[in-house]
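Participant: Coordinates in query35.txt, compact mmCIF, N, CA and C atoms, are listed below.
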```
# COMPACT_ATOMS: atom_id res chain seq x y z
N MET A 987 0.84 -1.18 0.00
CA MET A 987 0.00 0.00 0.00
C MET A 987 0.88 1.24 0.00
N VAL A 988 0.57 2.19 -0.84
CA VAL A 988 1.27 3.46 -0.91
C VAL A 988 0.51 4.48 -0.08
N VAL A 989 1.22 5.31 0.67
CA VAL A 989 0.59 6.37 1.44
C VAL A 989 1.12 7.69 0.92
N CYS A 990 0.22 8.60 0.57
CA CYS A 990 0.60 9.92 0.06
C CYS A 990 0.13 10.98 1.03
N ALA A 991 1.05 11.82 1.48
CA ALA A 991 0.69 12.92 2.38
C ALA A 991 0.17 14.09 1.56
N ILE A 992 -0.52 15.00 2.24
CA ILE A 992 -1.07 16.17 1.56
C ILE A 992 0.02 16.89 0.76
N GLY A 993 -0.32 17.30 -0.42
CA GLY A 993 0.62 18.00 -1.27
C GLY A 993 1.42 17.09 -2.18
N SER A 994 1.74 15.87 -1.73
CA SER A 994 2.58 15.01 -2.55
C SER A 994 1.78 14.16 -3.53
N TRP A 995 0.48 13.95 -3.29
CA TRP A 995 -0.30 13.07 -4.15
C TRP A 995 -0.55 13.65 -5.53
N ARG A 996 -0.52 14.97 -5.64
CA ARG A 996 -0.86 15.60 -6.91
C ARG A 996 0.02 15.10 -8.06
N ASN A 997 1.27 14.80 -7.78
CA ASN A 997 2.20 14.38 -8.83
C ASN A 997 2.58 12.91 -8.67
N HIS A 998 1.74 12.14 -8.04
CA HIS A 998 2.10 10.76 -7.73
C HIS A 998 1.89 9.79 -8.88
N GLY A 999 1.22 10.19 -9.94
CA GLY A 999 1.05 9.33 -11.10
C GLY A 999 -0.09 8.33 -10.99
N ILE A 1000 -1.04 8.57 -10.12
CA ILE A 1000 -2.21 7.70 -10.01
C ILE A 1000 -3.18 8.10 -11.12
N ASN A 1001 -3.46 7.17 -12.03
CA ASN A 1001 -4.39 7.52 -13.10
C ASN A 1001 -5.34 6.39 -13.44
N ASN A 1002 -5.40 5.34 -12.59
CA ASN A 1002 -6.37 4.29 -12.83
C ASN A 1002 -6.99 3.85 -11.52
N VAL A 1003 -8.14 3.21 -11.60
CA VAL A 1003 -8.92 2.83 -10.43
C VAL A 1003 -8.13 1.90 -9.51
N ASP A 1004 -7.45 0.91 -10.07
CA ASP A 1004 -6.72 -0.05 -9.23
C ASP A 1004 -5.67 0.65 -8.37
N ASP A 1005 -4.89 1.56 -8.98
CA ASP A 1005 -3.88 2.28 -8.21
C ASP A 1005 -4.53 3.16 -7.14
N TYR A 1006 -5.62 3.82 -7.50
CA TYR A 1006 -6.32 4.66 -6.53
C TYR A 1006 -6.78 3.84 -5.32
N LEU A 1007 -7.38 2.68 -5.57
CA LEU A 1007 -7.91 1.88 -4.48
C LEU A 1007 -6.81 1.25 -3.62
N LYS A 1008 -5.59 1.14 -4.13
CA LYS A 1008 -4.47 0.57 -3.36
C LYS A 1008 -3.69 1.64 -2.60
N THR A 1009 -4.03 2.90 -2.79
CA THR A 1009 -3.26 3.99 -2.21
C THR A 1009 -4.07 4.69 -1.12
N SER A 1010 -3.40 5.06 -0.04
CA SER A 1010 -4.02 5.87 1.02
C SER A 1010 -3.56 7.31 0.87
N TYR A 1011 -4.47 8.24 1.11
CA TYR A 1011 -4.17 9.66 0.97
C TYR A 1011 -4.45 10.36 2.29
N ASP A 1012 -3.66 11.38 2.60
CA ASP A 1012 -3.86 12.14 3.82
C ASP A 1012 -3.77 13.62 3.50
N PRO A 1013 -4.92 14.31 3.41
CA PRO A 1013 -6.28 13.81 3.59
C PRO A 1013 -6.73 13.01 2.36
N ASP A 1014 -7.81 12.25 2.53
CA ASP A 1014 -8.30 11.39 1.47
C ASP A 1014 -8.80 12.23 0.29
N VAL A 1015 -8.76 11.66 -0.89
CA VAL A 1015 -9.20 12.33 -2.11
C VAL A 1015 -10.17 11.44 -2.87
N GLU A 1016 -10.90 12.04 -3.79
CA GLU A 1016 -11.82 11.29 -4.65
C GLU A 1016 -11.13 11.03 -5.99
N PHE A 1017 -11.64 10.05 -6.72
CA PHE A 1017 -11.09 9.69 -8.03
C PHE A 1017 -12.21 9.79 -9.05
N VAL A 1018 -12.05 10.69 -10.02
CA VAL A 1018 -13.08 10.90 -11.04
C VAL A 1018 -12.43 10.86 -12.42
N ASP A 1019 -12.70 9.78 -13.14
CA ASP A 1019 -12.22 9.64 -14.51
C ASP A 1019 -10.71 9.89 -14.64
N GLY A 1020 -9.91 9.30 -13.74
CA GLY A 1020 -8.46 9.41 -13.81
C GLY A 1020 -7.88 10.62 -13.13
N VAL A 1021 -8.70 11.46 -12.50
CA VAL A 1021 -8.23 12.67 -11.84
C VAL A 1021 -8.49 12.56 -10.34
N LEU A 1022 -7.48 12.89 -9.53
CA LEU A 1022 -7.65 12.93 -8.08
C LEU A 1022 -8.20 14.30 -7.69
N LEU A 1023 -9.27 14.31 -6.90
CA LEU A 1023 -9.92 15.55 -6.51
C LEU A 1023 -9.96 15.68 -4.99
N GLU A 1024 -9.61 16.89 -4.50
CA GLU A 1024 -9.75 17.17 -3.08
C GLU A 1024 -11.22 17.30 -2.74
N ARG A 1025 -11.58 16.90 -1.52
CA ARG A 1025 -12.96 17.05 -1.06
C ARG A 1025 -13.17 18.46 -0.54
N ASN A 1026 -14.40 18.94 -0.67
CA ASN A 1026 -14.77 20.25 -0.14
C ASN A 1026 -15.24 20.06 1.30
N LEU A 1027 -14.38 20.36 2.25
CA LEU A 1027 -14.69 20.14 3.67
C LEU A 1027 -14.35 21.36 4.49
N GLY A 1028 -14.80 21.33 5.72
CA GLY A 1028 -14.28 22.27 6.69
C GLY A 1028 -15.09 23.51 7.00
N ASP A 1029 -16.14 23.81 6.25
CA ASP A 1029 -16.89 25.00 6.61
C ASP A 1029 -18.06 24.64 7.52
N TRP A 1030 -18.60 25.64 8.18
CA TRP A 1030 -19.64 25.45 9.19
C TRP A 1030 -20.87 24.74 8.63
N LEU A 1031 -21.40 25.21 7.51
CA LEU A 1031 -22.63 24.64 6.97
C LEU A 1031 -22.44 23.17 6.61
N HIS A 1032 -21.34 22.86 5.98
CA HIS A 1032 -21.04 21.47 5.63
C HIS A 1032 -20.99 20.60 6.88
N ALA A 1033 -20.25 21.04 7.88
CA ALA A 1033 -20.12 20.26 9.12
C ALA A 1033 -21.46 20.11 9.84
N LEU A 1034 -22.28 21.15 9.84
CA LEU A 1034 -23.58 21.11 10.49
C LEU A 1034 -24.51 20.09 9.83
N ILE A 1035 -24.61 20.12 8.51
CA ILE A 1035 -25.48 19.19 7.80
C ILE A 1035 -24.99 17.76 7.98
N GLN A 1036 -23.68 17.54 7.89
CA GLN A 1036 -23.13 16.20 8.10
C GLN A 1036 -23.48 15.70 9.50
N SER A 1037 -23.32 16.53 10.49
CA SER A 1037 -23.66 16.16 11.87
C SER A 1037 -25.15 15.87 12.02
N ASN A 1038 -26.00 16.70 11.43
CA ASN A 1038 -27.45 16.49 11.49
C ASN A 1038 -27.85 15.13 10.92
N VAL A 1039 -27.29 14.80 9.76
CA VAL A 1039 -27.65 13.55 9.09
C VAL A 1039 -27.15 12.35 9.90
N LEU A 1040 -25.90 12.40 10.36
CA LEU A 1040 -25.37 11.31 11.19
C LEU A 1040 -26.23 11.10 12.44
N PHE A 1041 -26.50 12.18 13.15
CA PHE A 1041 -27.26 12.12 14.40
C PHE A 1041 -28.68 11.59 14.16
N ALA A 1042 -29.36 12.13 13.14
CA ALA A 1042 -30.75 11.72 12.87
C ALA A 1042 -30.82 10.24 12.47
N LEU A 1043 -29.93 9.81 11.60
CA LEU A 1043 -29.95 8.40 11.17
C LEU A 1043 -29.64 7.46 12.33
N ARG A 1044 -28.65 7.80 13.13
CA ARG A 1044 -28.29 6.93 14.26
C ARG A 1044 -29.41 6.86 15.29
N ASN A 1045 -30.09 7.96 15.52
CA ASN A 1045 -31.19 7.96 16.50
C ASN A 1045 -32.44 7.27 15.99
N LYS A 1046 -32.83 7.54 14.74
CA LYS A 1046 -34.05 6.95 14.20
C LYS A 1046 -33.89 5.48 13.83
N TYR A 1047 -32.68 5.10 13.43
CA TYR A 1047 -32.45 3.75 12.92
C TYR A 1047 -31.20 3.14 13.56
N PRO A 1048 -31.31 2.77 14.84
CA PRO A 1048 -30.12 2.24 15.54
C PRO A 1048 -29.57 0.95 14.92
N GLN A 1049 -30.35 0.27 14.11
CA GLN A 1049 -29.88 -0.97 13.48
C GLN A 1049 -28.95 -0.70 12.30
N LEU A 1050 -28.95 0.53 11.79
CA LEU A 1050 -28.09 0.87 10.66
C LEU A 1050 -26.65 1.09 11.10
N LYS A 1051 -25.74 0.84 10.19
CA LYS A 1051 -24.33 1.20 10.36
C LYS A 1051 -24.17 2.55 9.67
N VAL A 1052 -24.00 3.61 10.45
CA VAL A 1052 -23.91 4.96 9.91
C VAL A 1052 -22.48 5.46 10.11
N VAL A 1053 -21.80 5.73 9.00
CA VAL A 1053 -20.39 6.12 9.06
C VAL A 1053 -20.14 7.30 8.13
N ALA A 1054 -19.00 7.91 8.30
CA ALA A 1054 -18.60 9.04 7.46
C ALA A 1054 -17.48 8.62 6.50
N ALA A 1055 -17.48 9.22 5.31
CA ALA A 1055 -16.37 9.15 4.36
C ALA A 1055 -15.95 7.74 3.96
N LEU A 1056 -16.88 6.88 3.64
CA LEU A 1056 -16.57 5.55 3.13
C LEU A 1056 -16.46 5.63 1.61
N ARG A 1057 -15.32 5.28 1.05
CA ARG A 1057 -15.17 5.33 -0.40
C ARG A 1057 -16.33 4.61 -1.06
N SER A 1058 -16.88 5.25 -2.09
CA SER A 1058 -18.07 4.72 -2.75
C SER A 1058 -17.92 4.80 -4.26
N ARG A 1059 -18.17 3.68 -4.93
CA ARG A 1059 -18.12 3.67 -6.39
C ARG A 1059 -19.45 4.18 -6.91
N VAL A 1060 -19.41 5.25 -7.68
CA VAL A 1060 -20.63 5.79 -8.28
C VAL A 1060 -20.70 5.48 -9.77
N ALA A 1061 -19.58 5.08 -10.36
CA ALA A 1061 -19.49 4.62 -11.74
C ALA A 1061 -18.16 3.88 -11.85
N GLY A 1062 -17.93 3.22 -12.96
CA GLY A 1062 -16.73 2.41 -13.11
C GLY A 1062 -15.43 3.14 -12.87
N THR A 1063 -15.36 4.41 -13.25
CA THR A 1063 -14.13 5.19 -13.07
C THR A 1063 -14.34 6.39 -12.14
N ARG A 1064 -15.34 6.28 -11.26
CA ARG A 1064 -15.63 7.37 -10.31
C ARG A 1064 -15.84 6.82 -8.91
N TYR A 1065 -15.00 7.28 -8.00
CA TYR A 1065 -15.11 6.91 -6.59
C TYR A 1065 -15.17 8.20 -5.79
N ARG A 1066 -16.22 8.34 -5.02
CA ARG A 1066 -16.43 9.53 -4.19
C ARG A 1066 -16.32 9.16 -2.72
N LEU A 1067 -16.23 10.18 -1.87
CA LEU A 1067 -16.20 10.00 -0.42
C LEU A 1067 -17.39 10.73 0.17
N PRO A 1068 -18.54 10.07 0.21
CA PRO A 1068 -19.73 10.75 0.74
C PRO A 1068 -19.55 11.08 2.21
N ASP A 1069 -20.16 12.16 2.63
CA ASP A 1069 -20.05 12.59 4.01
C ASP A 1069 -20.65 11.59 4.98
N VAL A 1070 -21.74 10.96 4.58
CA VAL A 1070 -22.44 10.01 5.45
C VAL A 1070 -22.88 8.81 4.62
N CYS A 1071 -22.67 7.62 5.17
CA CYS A 1071 -23.16 6.38 4.56
C CYS A 1071 -23.99 5.65 5.61
N ALA A 1072 -25.16 5.20 5.23
CA ALA A 1072 -26.01 4.40 6.11
C ALA A 1072 -26.19 3.04 5.46
N LEU A 1073 -25.78 1.99 6.17
CA LEU A 1073 -25.78 0.63 5.63
C LEU A 1073 -26.51 -0.32 6.56
N LEU A 1074 -27.11 -1.35 5.99
CA LEU A 1074 -27.75 -2.38 6.81
C LEU A 1074 -26.71 -3.26 7.48
N SER A 1075 -25.57 -3.44 6.83
CA SER A 1075 -24.48 -4.23 7.38
C SER A 1075 -23.17 -3.71 6.78
N ALA A 1076 -22.07 -4.13 7.37
CA ALA A 1076 -20.78 -3.71 6.84
C ALA A 1076 -20.63 -4.20 5.40
N PRO A 1077 -20.02 -3.39 4.54
CA PRO A 1077 -19.85 -3.83 3.16
C PRO A 1077 -18.89 -5.01 3.07
N LYS A 1078 -19.06 -5.81 2.05
CA LYS A 1078 -18.20 -6.98 1.86
C LYS A 1078 -16.89 -6.61 1.16
N THR A 1079 -16.80 -5.38 0.68
CA THR A 1079 -15.57 -4.87 0.07
C THR A 1079 -15.08 -3.70 0.90
N ARG A 1080 -13.92 -3.17 0.56
CA ARG A 1080 -13.36 -2.03 1.31
C ARG A 1080 -14.09 -0.72 1.00
N TYR A 1081 -14.97 -0.74 0.01
CA TYR A 1081 -15.68 0.47 -0.38
C TYR A 1081 -17.13 0.12 -0.71
N LEU A 1082 -17.96 1.14 -0.71
CA LEU A 1082 -19.39 0.97 -0.97
C LEU A 1082 -19.64 0.92 -2.47
N LEU A 1083 -20.55 0.05 -2.89
CA LEU A 1083 -20.83 -0.12 -4.31
C LEU A 1083 -22.08 0.61 -4.80
N ASP A 1084 -23.04 0.90 -3.91
CA ASP A 1084 -24.32 1.43 -4.36
C ASP A 1084 -24.82 2.62 -3.54
N PRO A 1085 -24.18 3.80 -3.65
CA PRO A 1085 -24.70 4.96 -2.94
C PRO A 1085 -26.06 5.39 -3.50
N ILE A 1086 -26.91 6.03 -2.66
CA ILE A 1086 -28.27 6.28 -3.13
C ILE A 1086 -28.78 7.70 -3.04
N SER A 1087 -28.08 8.62 -2.36
CA SER A 1087 -28.64 9.97 -2.28
C SER A 1087 -27.57 11.03 -2.16
N LEU A 1088 -27.99 12.28 -2.37
CA LEU A 1088 -27.09 13.41 -2.35
C LEU A 1088 -27.83 14.59 -1.73
N ILE A 1089 -27.13 15.35 -0.89
CA ILE A 1089 -27.71 16.52 -0.24
C ILE A 1089 -26.83 17.73 -0.54
N ASP A 1090 -27.43 18.80 -1.01
CA ASP A 1090 -26.71 20.05 -1.23
C ASP A 1090 -27.05 21.00 -0.09
N PRO A 1091 -26.11 21.22 0.85
CA PRO A 1091 -26.42 22.04 2.02
C PRO A 1091 -26.67 23.51 1.71
N ARG A 1092 -26.00 24.06 0.71
CA ARG A 1092 -26.16 25.48 0.41
C ARG A 1092 -27.51 25.79 -0.24
N LEU A 1093 -27.91 24.96 -1.19
CA LEU A 1093 -29.18 25.17 -1.88
C LEU A 1093 -30.33 24.41 -1.24
N GLN A 1094 -30.03 23.61 -0.22
CA GLN A 1094 -31.01 22.77 0.48
C GLN A 1094 -31.80 21.90 -0.50
N LEU A 1095 -31.05 21.27 -1.40
CA LEU A 1095 -31.64 20.36 -2.37
C LEU A 1095 -31.34 18.92 -1.96
N LEU A 1096 -32.26 18.03 -2.26
CA LEU A 1096 -32.10 16.61 -1.98
C LEU A 1096 -32.23 15.85 -3.30
N PHE A 1097 -31.37 14.85 -3.48
CA PHE A 1097 -31.41 14.01 -4.67
C PHE A 1097 -31.35 12.55 -4.23
N ALA A 1098 -32.11 11.70 -4.87
CA ALA A 1098 -32.09 10.26 -4.59
C ALA A 1098 -31.69 9.54 -5.86
N TYR A 1099 -30.86 8.51 -5.71
CA TYR A 1099 -30.46 7.73 -6.87
C TYR A 1099 -31.55 6.73 -7.20
N ARG A 1100 -32.13 6.90 -8.36
CA ARG A 1100 -33.12 5.97 -8.89
C ARG A 1100 -32.62 5.56 -10.26
N PRO A 1101 -32.02 4.38 -10.37
CA PRO A 1101 -31.34 4.00 -11.61
C PRO A 1101 -32.15 4.38 -12.84
N PRO A 1102 -31.51 5.01 -13.79
CA PRO A 1102 -30.07 5.16 -13.94
C PRO A 1102 -29.54 6.53 -13.55
N ALA A 1103 -30.24 7.34 -12.76
CA ALA A 1103 -29.79 8.71 -12.52
C ALA A 1103 -30.17 9.21 -11.13
N LEU A 1104 -29.55 10.33 -10.75
CA LEU A 1104 -29.98 11.05 -9.55
C LEU A 1104 -31.20 11.87 -9.92
N VAL A 1105 -32.22 11.84 -9.05
CA VAL A 1105 -33.47 12.56 -9.28
C VAL A 1105 -33.70 13.48 -8.10
N GLU A 1106 -34.05 14.74 -8.37
CA GLU A 1106 -34.30 15.69 -7.29
C GLU A 1106 -35.56 15.28 -6.52
N VAL A 1107 -35.48 15.35 -5.20
CA VAL A 1107 -36.62 15.06 -4.34
C VAL A 1107 -37.36 16.37 -4.11
N GLU A 1108 -38.61 16.41 -4.50
CA GLU A 1108 -39.41 17.63 -4.41
C GLU A 1108 -40.10 17.80 -3.06
N GLY A 1109 -40.41 16.73 -2.39
CA GLY A 1109 -41.18 16.80 -1.15
C GLY A 1109 -40.36 17.08 0.09
N GLU A 1110 -40.96 16.86 1.23
CA GLU A 1110 -40.35 17.13 2.53
C GLU A 1110 -39.40 16.03 2.97
N VAL A 1111 -39.52 14.83 2.40
CA VAL A 1111 -38.79 13.67 2.90
C VAL A 1111 -37.96 13.01 1.80
N ILE A 1112 -36.74 12.64 2.16
CA ILE A 1112 -35.92 11.81 1.27
C ILE A 1112 -35.89 10.42 1.88
N SER A 1113 -36.05 9.39 1.02
CA SER A 1113 -36.11 8.03 1.56
C SER A 1113 -35.44 7.05 0.62
N THR A 1114 -35.21 5.86 1.14
CA THR A 1114 -34.73 4.77 0.30
C THR A 1114 -35.85 4.39 -0.66
N ALA A 1115 -35.51 3.66 -1.71
CA ALA A 1115 -36.50 3.28 -2.72
C ALA A 1115 -37.67 2.51 -2.11
N ASP A 1116 -37.41 1.70 -1.07
CA ASP A 1116 -38.49 0.92 -0.45
C ASP A 1116 -39.17 1.66 0.70
N GLY A 1117 -38.71 2.88 1.01
CA GLY A 1117 -39.33 3.68 2.06
C GLY A 1117 -38.98 3.27 3.48
N SER A 1118 -38.07 2.34 3.64
CA SER A 1118 -37.75 1.84 4.99
C SER A 1118 -36.88 2.79 5.81
N VAL A 1119 -36.18 3.70 5.14
CA VAL A 1119 -35.35 4.70 5.82
C VAL A 1119 -35.65 6.05 5.21
N ASP A 1120 -35.94 7.03 6.06
CA ASP A 1120 -36.21 8.37 5.55
C ASP A 1120 -35.73 9.43 6.52
N LEU A 1121 -35.49 10.62 5.99
CA LEU A 1121 -35.18 11.81 6.77
C LEU A 1121 -35.93 12.98 6.18
N SER A 1122 -36.39 13.86 7.04
CA SER A 1122 -37.11 15.05 6.56
C SER A 1122 -36.11 16.20 6.35
N ARG A 1123 -36.54 17.17 5.58
CA ARG A 1123 -35.72 18.35 5.37
C ARG A 1123 -35.43 19.04 6.70
N SER A 1124 -36.40 19.07 7.60
CA SER A 1124 -36.17 19.74 8.89
C SER A 1124 -35.11 19.01 9.71
N GLU A 1125 -35.03 17.69 9.62
CA GLU A 1125 -33.99 16.94 10.32
C GLU A 1125 -32.61 17.23 9.70
N ILE A 1126 -32.57 17.32 8.39
CA ILE A 1126 -31.31 17.51 7.69
C ILE A 1126 -30.79 18.95 7.83
N PHE A 1127 -31.66 19.93 7.63
CA PHE A 1127 -31.23 21.31 7.55
C PHE A 1127 -31.45 22.11 8.84
N ALA A 1128 -31.67 21.45 9.96
CA ALA A 1128 -31.86 22.14 11.25
C ALA A 1128 -30.61 22.96 11.58
N GLU A 1129 -30.85 24.15 12.10
CA GLU A 1129 -29.72 24.98 12.50
C GLU A 1129 -29.68 25.05 14.00
```
Take the structure in this file and express it as structure tokens.

Facilitator:
Amino acid sequence: MVVCAIGSWRNHGINNVDDYLKTSYDPDVEFVDGVLLERNLGDWLHALIQSNVLFALRNKYPQLKVVAALRSRVAGTRYRLPDVCALLSAPKTRYLLDPISLIDPRLQLLFAYRPPALVEVEGEVISTADGSVDLSRSEIFAE
């Protein structure tokens, strides 16, 4: 396993999925079509929404495994680091294969993955396709 510290990964020559998945980054980065991308982290609104979602999911659904920043494959050559992942059980691989939703904290938009695309959620609640897990806008965007 290769470990790249901040600043050094930019010129490390990682340009394929296999190399990306074998390498650790500090801080971690995303891989999109052969390009390593820094995550947008650290501001108040981002941290608040991430905390709200983690707290709400853990309280409403104690049976779920709710974690932060688990590498997730969103397409064959795209791996992202979602802020929050909620799983029924630990993944069988080192990364998540089927992420299902997206939250934009600045615009307060919600998107759910409904194959083959992300679809904007118009109502008050975002949920899994089967409706077994849901969060309301007020739970997500509480200040």

Participant: So that I can check the surroundings of Glu1108 (chain A), please list as a VMD selection string every protein, DNA and RNA residue that reaches within 8 Å of it, counting all atoms listed in the file and ignoring chain neighbours fewer than 3 positions away.

Facilitator: chain A and resid 1096 to 1097 1105 1111 to 1112

Participant: As a PyMOL selection string, please: every residue in chain A that a backbone DSSP assignment puts in alpha helix (DSSP H).

Facilitator: chain A and resi 1003-1008+1030-1046+1123-1126

Participant: Which residue out of A:Leu1031, A:Pro1101, A:Thr1063, A:Leu1121 has the minimum interatomic distance to Leu1043 (chain A) when only N, CA and C atoms are used?

Facilitator: A:Leu1121

Participant: If you measure from CA of Val1060 (chain A) to CA of Glu1129 (chain A), what distance in Å do you get, rounded to one decimal?

Facilitator: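 Distance between the two atoms: 29.7 Å.
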
Participant: So, counting only C-alpha atoms, which residue among A:Pro1077, A:Lys1051, A:Asp1069, A:Val1119 is closest to Ser1037 (chain A)?

Facilitator: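 Residue with the minimum atom-to-atom distance to Ser1037 (chain A): A:Asp1069.
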
Participant: Write out as a list in words each polymer residue whose atoms come within 8 Å of Pro1068 (chain A), counting all atoms listed in the file; drop sequence neighbours fewer than 6 positions from it.

Facilitator: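 Here the answer would be Val1053, Ala1054, Ala1055, Leu1056, Arg1057 and Ser1058 of chain A.
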
Participant: Write the residues of the selection above to a file with N, CA and C atoms, as a compact mmCIF listing (two decimals), keeping the file's coordinate frame.

Facilitator:
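Generated file (result-v4.txt):
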```txt
# COMPACT_ATOMS: atom_id res chain seq x y z
N VAL A 1053 -21.80 5.73 9.00
CA VAL A 1053 -20.39 6.12 9.06
C VAL A 1053 -20.14 7.30 8.13
N ALA A 1054 -19.00 7.91 8.30
CA ALA A 1054 -18.60 9.04 7.46
C ALA A 1054 -17.48 8.62 6.50
N ALA A 1055 -17.48 9.22 5.31
CA ALA A 1055 -16.37 9.15 4.36
C ALA A 1055 -15.95 7.74 3.96
N LEU A 1056 -16.88 6.88 3.64
CA LEU A 1056 -16.57 5.55 3.13
C LEU A 1056 -16.46 5.63 1.61
N ARG A 1057 -15.32 5.28 1.05
CA ARG A 1057 -15.17 5.33 -0.40
C ARG A 1057 -16.33 4.61 -1.06
N SER A 1058 -16.88 5.25 -2.09
CA SER A 1058 -18.07 4.72 -2.75
C SER A 1058 -17.92 4.80 -4.26
```

Participant: Kindly provide, as JSON, the centre and edge lengths (Å, one decimal) of an axis-aligned box around all atoms of region 1046-1060 of chain A given in the file, with 3 Å on each side.

Facilitator:
```
{"center_x": -24.6, "center_y": 4.1, "center_z": 2.9, "size_x": 24.9, "size_y": 16.2, "size_z": 31.3}
```

Participant: List as a list in words the residues having at least one atom at most 8 Å from position (-5.9, 8.8, -10.6) as given in the file, counting all atoms listed in the file.

Facilitator: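 Output of the proximity query reads Gly999, Ile1000, Asn1001, Asn1002, Val1003, Asp1005, Tyr1006, Glu1016, Phe1017, Val1018, Asp1019, Gly1020, Val1021, Leu1022 and Leu1023 of chain A.
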
Participant: Please, what distance in Å, to one decimal, runs between CA of Asp1012 (chain A) and atom N of Asp1090 (chain A)?

Facilitator: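 Here the two named atoms are 25.0 Å from each other.
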